file data_14.cif (mmCIF, C-alpha atoms)
data_start
#
loop_
_atom_site.group_PDB
_atom_site.id
_atom_site.type_symbol
_atom_site.label_atom_id
_atom_site.label_comp_id
_atom_site.auth_asym_id
_atom_site.auth_seq_id
_atom_site.Cartn_x
_atom_site.Cartn_y
_atom_site.Cartn_z
ATOM 1 C CA MET V 8 -2.356 19.479 -17.106
ATOM 2 C CA ILE V 9 -2.122 15.997 -15.694
ATOM 3 C CA THR V 10 -5.215 13.827 -15.250
ATOM 4 C CA LEU V 11 -5.116 11.161 -12.548
ATOM 5 C CA THR V 12 -7.743 8.754 -11.271
ATOM 6 C CA VAL V 13 -7.142 8.363 -7.555
ATOM 7 C CA ASN V 14 -9.444 6.329 -5.321
ATOM 8 C CA GLY V 15 -12.051 6.337 -8.074
ATOM 9 C CA VAL V 16 -12.060 10.120 -8.522
ATOM 10 C CA LEU V 17 -10.740 11.856 -11.656
ATOM 11 C CA HIS V 18 -8.442 14.809 -10.908
ATOM 12 C CA SER V 19 -7.085 17.375 -13.368
ATOM 13 C CA LEU V 20 -3.978 18.936 -11.898
ATOM 14 C CA ASP V 21 -1.670 21.698 -13.035
ATOM 15 C CA VAL V 22 1.606 20.052 -11.998
ATOM 16 C CA ASP V 23 4.939 19.432 -13.652
ATOM 17 C CA PRO V 24 4.573 16.042 -15.389
ATOM 18 C CA GLU V 25 7.895 14.942 -13.844
ATOM 19 C CA THR V 26 6.647 15.468 -10.276
ATOM 20 C CA PRO V 27 6.778 12.207 -8.343
ATOM 21 C CA LEU V 28 3.305 10.783 -7.801
ATOM 22 C CA LEU V 29 3.979 10.773 -4.047
ATOM 23 C CA TRP V 30 4.197 14.569 -3.975
ATOM 24 C CA VAL V 31 1.081 14.966 -6.082
ATOM 25 C CA LEU V 32 -0.839 12.715 -3.693
ATOM 26 C CA ASN V 33 0.465 14.405 -0.530
ATOM 27 C CA GLU V 34 0.685 18.048 -1.551
ATOM 28 C CA HIS V 35 -1.936 18.513 -4.254
ATOM 29 C CA LEU V 36 -4.614 15.997 -3.255
ATOM 30 C CA ASN V 37 -4.030 16.080 0.539
ATOM 31 C CA LEU V 38 -3.817 12.271 0.649
ATOM 32 C CA THR V 39 -1.197 12.088 3.365
ATOM 33 C CA GLY V 40 -1.550 8.398 4.223
ATOM 34 C CA THR V 41 1.053 7.595 1.575
ATOM 35 C CA LYS V 42 4.318 8.299 3.388
ATOM 36 C CA TYR V 43 7.644 9.705 2.286
ATOM 37 C CA GLY V 44 10.395 7.504 3.660
ATOM 38 C CA CYS V 45 13.496 7.628 1.514
ATOM 39 C CA GLY V 46 12.504 9.106 -1.840
ATOM 40 C CA THR V 47 14.647 6.554 -3.658
ATOM 41 C CA GLY V 48 12.335 3.540 -3.853
ATOM 42 C CA GLU V 49 14.181 1.625 -1.148
ATOM 43 C CA CYS V 50 11.826 1.675 1.860
ATOM 44 C CA GLY V 51 8.310 1.036 0.514
ATOM 45 C CA ALA V 52 6.557 3.538 2.799
ATOM 46 C CA CYS V 53 5.097 5.247 -0.286
ATOM 47 C CA THR V 54 3.492 2.114 -1.740
ATOM 48 C CA VAL V 55 0.198 2.606 -3.562
ATOM 49 C CA ILE V 56 -1.764 0.292 -5.817
ATOM 50 C CA ILE V 57 -1.643 1.154 -9.507
ATOM 51 C CA ASP V 58 -3.729 -0.976 -11.841
ATOM 52 C CA GLY V 59 -3.751 -3.779 -9.281
ATOM 53 C CA ASN V 60 -0.027 -3.797 -8.534
ATOM 54 C CA ALA V 61 1.934 -2.475 -5.564
ATOM 55 C CA GLU V 62 4.045 0.433 -6.812
ATOM 56 C CA LEU V 63 6.393 2.929 -5.177
ATOM 57 C CA SER V 64 4.858 6.355 -5.663
ATOM 58 C CA CYS V 65 8.179 8.137 -5.108
ATOM 59 C CA SER V 66 9.588 6.391 -8.201
ATOM 60 C CA ILE V 67 6.714 7.108 -10.610
ATOM 61 C CA THR V 68 6.057 10.474 -12.155
ATOM 62 C CA ALA V 69 2.620 12.024 -12.384
ATOM 63 C CA GLU V 70 2.838 11.670 -16.156
ATOM 64 C CA GLU V 71 3.613 7.938 -15.915
ATOM 65 C CA ALA V 72 0.628 7.449 -13.599
ATOM 66 C CA GLN V 73 -1.874 8.966 -16.015
ATOM 67 C CA HIS V 74 -4.439 6.580 -17.539
ATOM 68 C CA SER V 75 -4.095 4.279 -14.505
ATOM 69 C CA GLU V 76 -6.300 3.442 -11.548
ATOM 70 C CA ILE V 77 -4.454 4.597 -8.440
ATOM 71 C CA THR V 78 -5.503 3.504 -4.961
ATOM 72 C CA THR V 79 -4.010 4.999 -1.814
ATOM 73 C CA ILE V 80 -4.458 3.760 1.739
ATOM 74 C CA GLU V 81 -7.360 6.218 2.075
ATOM 75 C CA GLY V 82 -9.174 4.512 -0.803
ATOM 76 C CA LEU V 83 -8.443 0.884 0.060
ATOM 77 C CA LYS V 84 -11.836 -0.742 0.582
ATOM 78 C CA GLY V 85 -13.513 -4.131 0.438
ATOM 79 C CA GLU V 86 -13.185 -7.538 2.036
ATOM 80 C CA THR V 87 -9.393 -7.703 1.788
ATOM 81 C CA ALA V 88 -8.938 -4.239 3.293
ATOM 82 C CA ASP V 89 -11.374 -5.059 6.099
ATOM 83 C CA ALA V 90 -9.723 -8.415 6.837
ATOM 84 C CA LEU V 91 -6.271 -6.831 6.898
ATOM 85 C CA GLY V 92 -7.464 -4.046 9.187
ATOM 86 C CA ARG V 93 -8.902 -6.521 11.682
ATOM 87 C CA ALA V 94 -5.813 -8.741 11.484
ATOM 88 C CA TRP V 95 -3.468 -5.784 11.961
ATOM 89 C CA VAL V 96 -5.284 -4.862 15.178
ATOM 90 C CA GLU V 97 -5.580 -8.437 16.450
ATOM 91 C CA GLU V 98 -1.886 -9.157 15.881
ATOM 92 C CA ASP V 99 -0.887 -5.744 17.291
ATOM 93 C CA VAL V 100 1.247 -5.062 14.228
ATOM 94 C CA SER V 101 1.603 -1.318 14.356
ATOM 95 C CA GLN V 102 4.159 0.246 16.645
ATOM 96 C CA CYS V 103 5.329 3.615 15.329
ATOM 97 C CA GLY V 104 2.975 3.104 12.369
ATOM 98 C CA TYR V 105 4.989 4.982 9.768
ATOM 99 C CA CYS V 106 5.444 2.040 7.391
ATOM 100 C CA GLN V 107 1.955 0.638 7.905
ATOM 101 C CA PRO V 108 0.262 2.181 4.847
ATOM 102 C CA GLY V 109 2.966 0.660 2.642
ATOM 103 C CA GLN V 110 2.752 -2.651 4.482
ATOM 104 C CA ILE V 111 -1.036 -2.849 4.181
ATOM 105 C CA MET V 112 -1.082 -1.830 0.503
ATOM 106 C CA THR V 113 1.556 -4.441 -0.305
ATOM 107 C CA ALA V 114 -0.302 -7.093 1.725
ATOM 108 C CA ALA V 115 -3.569 -6.262 -0.046
ATOM 109 C CA VAL V 116 -1.984 -6.841 -3.450
ATOM 110 C CA LEU V 117 -0.345 -10.042 -2.198
ATOM 111 C CA LEU V 118 -3.656 -11.477 -0.962
ATOM 112 C CA THR V 119 -5.440 -10.431 -4.134
ATOM 113 C CA HIS V 120 -2.936 -12.320 -6.290
ATOM 114 C CA ASN V 121 -2.243 -15.168 -3.835
ATOM 115 C CA PRO V 122 -5.047 -15.679 -1.297
ATOM 116 C CA GLU V 123 -3.189 -18.352 0.699
ATOM 117 C CA PRO V 124 0.504 -17.419 0.715
ATOM 118 C CA ASP V 125 3.081 -19.389 2.681
ATOM 119 C CA ASP V 126 5.718 -17.767 4.900
ATOM 120 C CA GLY V 127 8.319 -17.632 2.131
ATOM 121 C CA THR V 128 5.925 -15.927 -0.264
ATOM 122 C CA ILE V 129 4.877 -13.413 2.383
ATOM 123 C CA ASP V 130 8.483 -12.653 3.293
ATOM 124 C CA ALA V 131 9.482 -12.236 -0.356
ATOM 125 C CA GLN V 132 6.541 -10.010 -1.253
ATOM 126 C CA MET V 133 6.760 -7.882 1.879
ATOM 127 C CA SER V 134 10.555 -7.469 1.788
ATOM 128 C CA GLY V 135 10.256 -4.215 -0.148
ATOM 129 C CA VAL V 136 8.641 -2.403 2.780
ATOM 130 C CA LEU V 137 11.022 -1.712 5.629
ATOM 131 C CA CYS V 138 9.831 -1.583 9.224
ATOM 132 C CA ARG V 139 12.189 0.176 11.611
ATOM 133 C CA CYS V 140 10.301 -1.291 14.569
ATOM 134 C CA GLY V 141 10.912 -4.825 13.287
ATOM 135 C CA THR V 142 7.310 -6.060 13.402
ATOM 136 C CA TYR V 143 7.892 -8.485 10.529
ATOM 137 C CA GLN V 144 6.713 -11.562 12.462
ATOM 138 C CA ASN V 145 3.488 -9.815 13.463
ATOM 139 C CA ILE V 146 3.000 -8.644 9.871
ATOM 140 C CA ARG V 147 3.357 -12.242 8.671
ATOM 141 C CA LYS V 148 0.903 -13.465 11.335
ATOM 142 C CA ALA V 149 -1.589 -10.750 10.377
ATOM 143 C CA ILE V 150 -1.399 -11.671 6.699
ATOM 144 C CA HIS V 151 -2.034 -15.333 7.551
ATOM 145 C CA LEU V 152 -4.964 -14.313 9.765
ATOM 146 C CA ALA V 153 -6.474 -12.158 7.013
ATOM 147 C CA SER V 154 -5.919 -14.976 4.522
ATOM 148 C CA ARG V 155 -7.767 -17.473 6.729
ATOM 149 C CA GLU V 156 -10.675 -15.053 7.138
ATOM 150 C CA LEU V 157 -10.889 -14.386 3.406
ATOM 151 C CA CYS V 158 -10.537 -18.012 2.329
ATOM 152 C CA HIS V 159 -12.268 -19.879 5.115
ATOM 153 C CA GLY V 160 -14.333 -17.324 7.023
ATOM 154 C CA LYS V 161 -12.252 -17.851 10.185
ATOM 155 C CA LYS V 162 -11.357 -14.795 12.211
#
call {"tool": "encode", "arguments": {"input": "data_14.cif", "output": "structure tokens"}}
result
Amino acid sequence: MITLTVNGVLHSLDVDPETPLLWVLNEHLNLTGTKYGCGTGECGACTVIIDGNAELSCSITAEEAQHSEITTIEGLKGETADALGRAWVEEDVSQCGYCQPGQIMTAAVLLTHNPEPDDGTIDAQMSGVLCRCGTYQNIRKAIHLASRELCHGKK
């Protein structure tokens, strides 16, 4: 048995301890917002927050994720999540949308650790999540917009 805390809820699961966390989230907990992209930790579509850090759920086993606080896109809440959601809509970031959960999770961690990032910091932190539609400039604008709202109350 594996015990995982996901989005604040404790789950006991009868899964192989070596199962990638991504599959546990998608197939056993029906949390399908975390996307499978490459399965090799190269695209970032499967990004979740584990103990406050952006992590690739395809590269972490269920066993490795035990005793951690795991947040998926379904459980992302609070001021940062709200600001990012509004900014994503205002800047019209999403096109196909497939990478967006990974983008938003990574952006949430970035803003938590660095509330007023510059372009270089945003580009460096977000580089691990690939966007086939190429919305990187809109992503950067949305992160700046969310940052301004969080730090200065400007929408």
call {"tool": "closest_residue", "arguments": {"input": "data_14.cif", "among": "V:Val22, V:Val100, V:Val16, V:Ile111", "to": "Cys140 in chain V", "atoms": "only C-alpha atoms"}}
result
V:Val100
call {"tool": "resolve_selection", "arguments": {"input": "data_14.cif", "expression": "the PyMOL selection byres ((chain V and resi 112) around 7)", "output": "list in words"}}
result
Thr54, Val55, Ile56, Ala61, Ile80, Pro108, Gly109, Gln110, Ile111, Thr113, Ala114, Ala115 and Val116 of chain V
call {"tool": "closest_residue", "arguments": {"input": "data_14.cif", "among": "V:Asn60, V:Asn37, V:Asn145, V:Ser75", "to": "Ala94 in chain V", "atoms": "only C-alpha atoms"}}
result
V:Asn145
call {"tool": "residues_around", "arguments": {"input": "data_14.cif", "residues": "Leu38 in chain V", "least_positions_apart": "2", "cutoff": "10 Å", "atoms": "only C-alpha atoms", "output": "number ranges by chain"}}
result
V: 13, 29-36, 40-42, 79-82
call {"tool": "closest_residue", "arguments": {"input": "data_14.cif", "among": "V:His74, V:His18, V:Arg93, V:Lys84", "to": "Ile150 in chain V", "atoms": "only C-alpha atoms"}}
result
V:Arg93
call {"tool": "residues_near_point", "arguments": {"input": "data_14.cif", "point": "(7.6, 10.9, -2.6)", "cutoff": "8 Å", "atoms": "all atoms listed in the file", "output": "mmCIF file with C-alpha atoms, in the frame of the given file"}}
result
data_model
loop_
_atom_site.group_PDB
_atom_site.id
_atom_site.type_symbol
_atom_site.label_atom_id
_atom_site.label_comp_id
_atom_site.auth_asym_id
_atom_site.auth_seq_id
_atom_site.Cartn_x
_atom_site.Cartn_y
_atom_site.Cartn_z
ATOM 1 C CA PRO V 27 6.778 12.207 -8.343
ATOM 2 C CA LEU V 28 3.305 10.783 -7.801
ATOM 3 C CA LEU V 29 3.979 10.773 -4.047
ATOM 4 C CA TRP V 30 4.197 14.569 -3.975
ATOM 5 C CA LYS V 42 4.318 8.299 3.388
ATOM 6 C CA TYR V 43 7.644 9.705 2.286
ATOM 7 C CA GLY V 44 10.395 7.504 3.660
ATOM 8 C CA CYS V 45 13.496 7.628 1.514
ATOM 9 C CA GLY V 46 12.504 9.106 -1.840
ATOM 10 C CA CYS V 53 5.097 5.247 -0.286
ATOM 11 C CA SER V 64 4.858 6.355 -5.663
ATOM 12 C CA CYS V 65 8.179 8.137 -5.108
ATOM 13 C CA SER V 66 9.588 6.391 -8.201
#
call {"tool": "atom_distance", "arguments": {"input": "data_14.cif", "atom1": "CA of Gly104 in chain V", "atom2": "CA of Ala69 in chain V"}}
result
26.3 Å
call {"tool": "atom_distance", "arguments": {"input": "data_14.cif", "atom1": "CA of Gly141 in chain V", "atom2": "CA of Pro124 in chain V"}}
result
20.6 Å
call {"tool": "atom_distance", "arguments": {"input": "data_14.cif", "atom1": "CA of Glu71 in chain V", "atom2": "CA of Thr12 in chain V"}}
result
12.3 Å
call {"tool": "closest_residue", "arguments": {"input": "data_14.cif", "among": "V:Ile77, V:Val96, V:Val136, V:Leu152", "to": "Asn14 in chain V", "atoms": "only C-alpha atoms"}}
result
V:Ile77
call {"tool": "closest_residue", "arguments": {"input": "data_14.cif", "among": "V:Ile57, V:Leu17, V:Ala153, V:Thr142", "to": "Cys103 in chain V", "atoms": "only C-alpha atoms"}}
result
V:Thr142
call {"tool": "closest_residue", "arguments": {"input": "data_14.cif", "among": "V:Trp95, V:Gln144, V:Glu86, V:Met133", "to": "Thr119 in chain V", "atoms": "only C-alpha atoms"}}
result
V:Glu86
call {"tool": "resolve_selection", "arguments": {"input": "data_14.cif", "expression": "the PyMOL selection byres ((chain V and resi 151) around 10)", "output": "ChimeraX atom specification"}}
result
/V:91,94,118,122-126,129,145-150,152-157
call {"tool": "write_last_selection", "arguments": {"input": "data_14.cif", "atoms": "C-alpha atoms", "output": "JSON list (two decimals), keeping the file's coordinate frame"}}
result
[["chain", "number", "residue", "atom", "x", "y", "z"],
["V", 91, "LEU", "CA", -6.27, -6.83, 6.90],
["V", 94, "ALA", "CA", -5.81, -8.74, 11.48],
["V", 118, "LEU", "CA", -3.66, -11.48, -0.96],
["V", 122, "PRO", "CA", -5.05, -15.68, -1.30],
["V", 123, "GLU", "CA", -3.19, -18.35, 0.70],
["V", 124, "PRO", "CA", 0.50, -17.42, 0.72],
["V", 125, "ASP", "CA", 3.08, -19.39, 2.68],
["V", 126, "ASP", "CA", 5.72, -17.77, 4.90],
["V", 129, "ILE", "CA", 4.88, -13.41, 2.38],
["V", 145, "ASN", "CA", 3.49, -9.82, 13.46],
["V", 146, "ILE", "CA", 3.00, -8.64, 9.87],
["V", 147, "ARG", "CA", 3.36, -12.24, 8.67],
["V", 148, "LYS", "CA", 0.90, -13.46, 11.34],
["V", 149, "ALA", "CA", -1.59, -10.75, 10.38],
["V", 150, "ILE", "CA", -1.40, -11.67, 6.70],
["V", 152, "LEU", "CA", -4.96, -14.31, 9.76],
["V", 153, "ALA", "CA", -6.47, -12.16, 7.01],
["V", 154, "SER", "CA", -5.92, -14.98, 4.52],
["V", 155, "ARG", "CA", -7.77, -17.47, 6.73],
["V", 156, "GLU", "CA", -10.68, -15.05, 7.14],
["V", 157, "LEU", "CA", -10.89, -14.39, 3.41]]
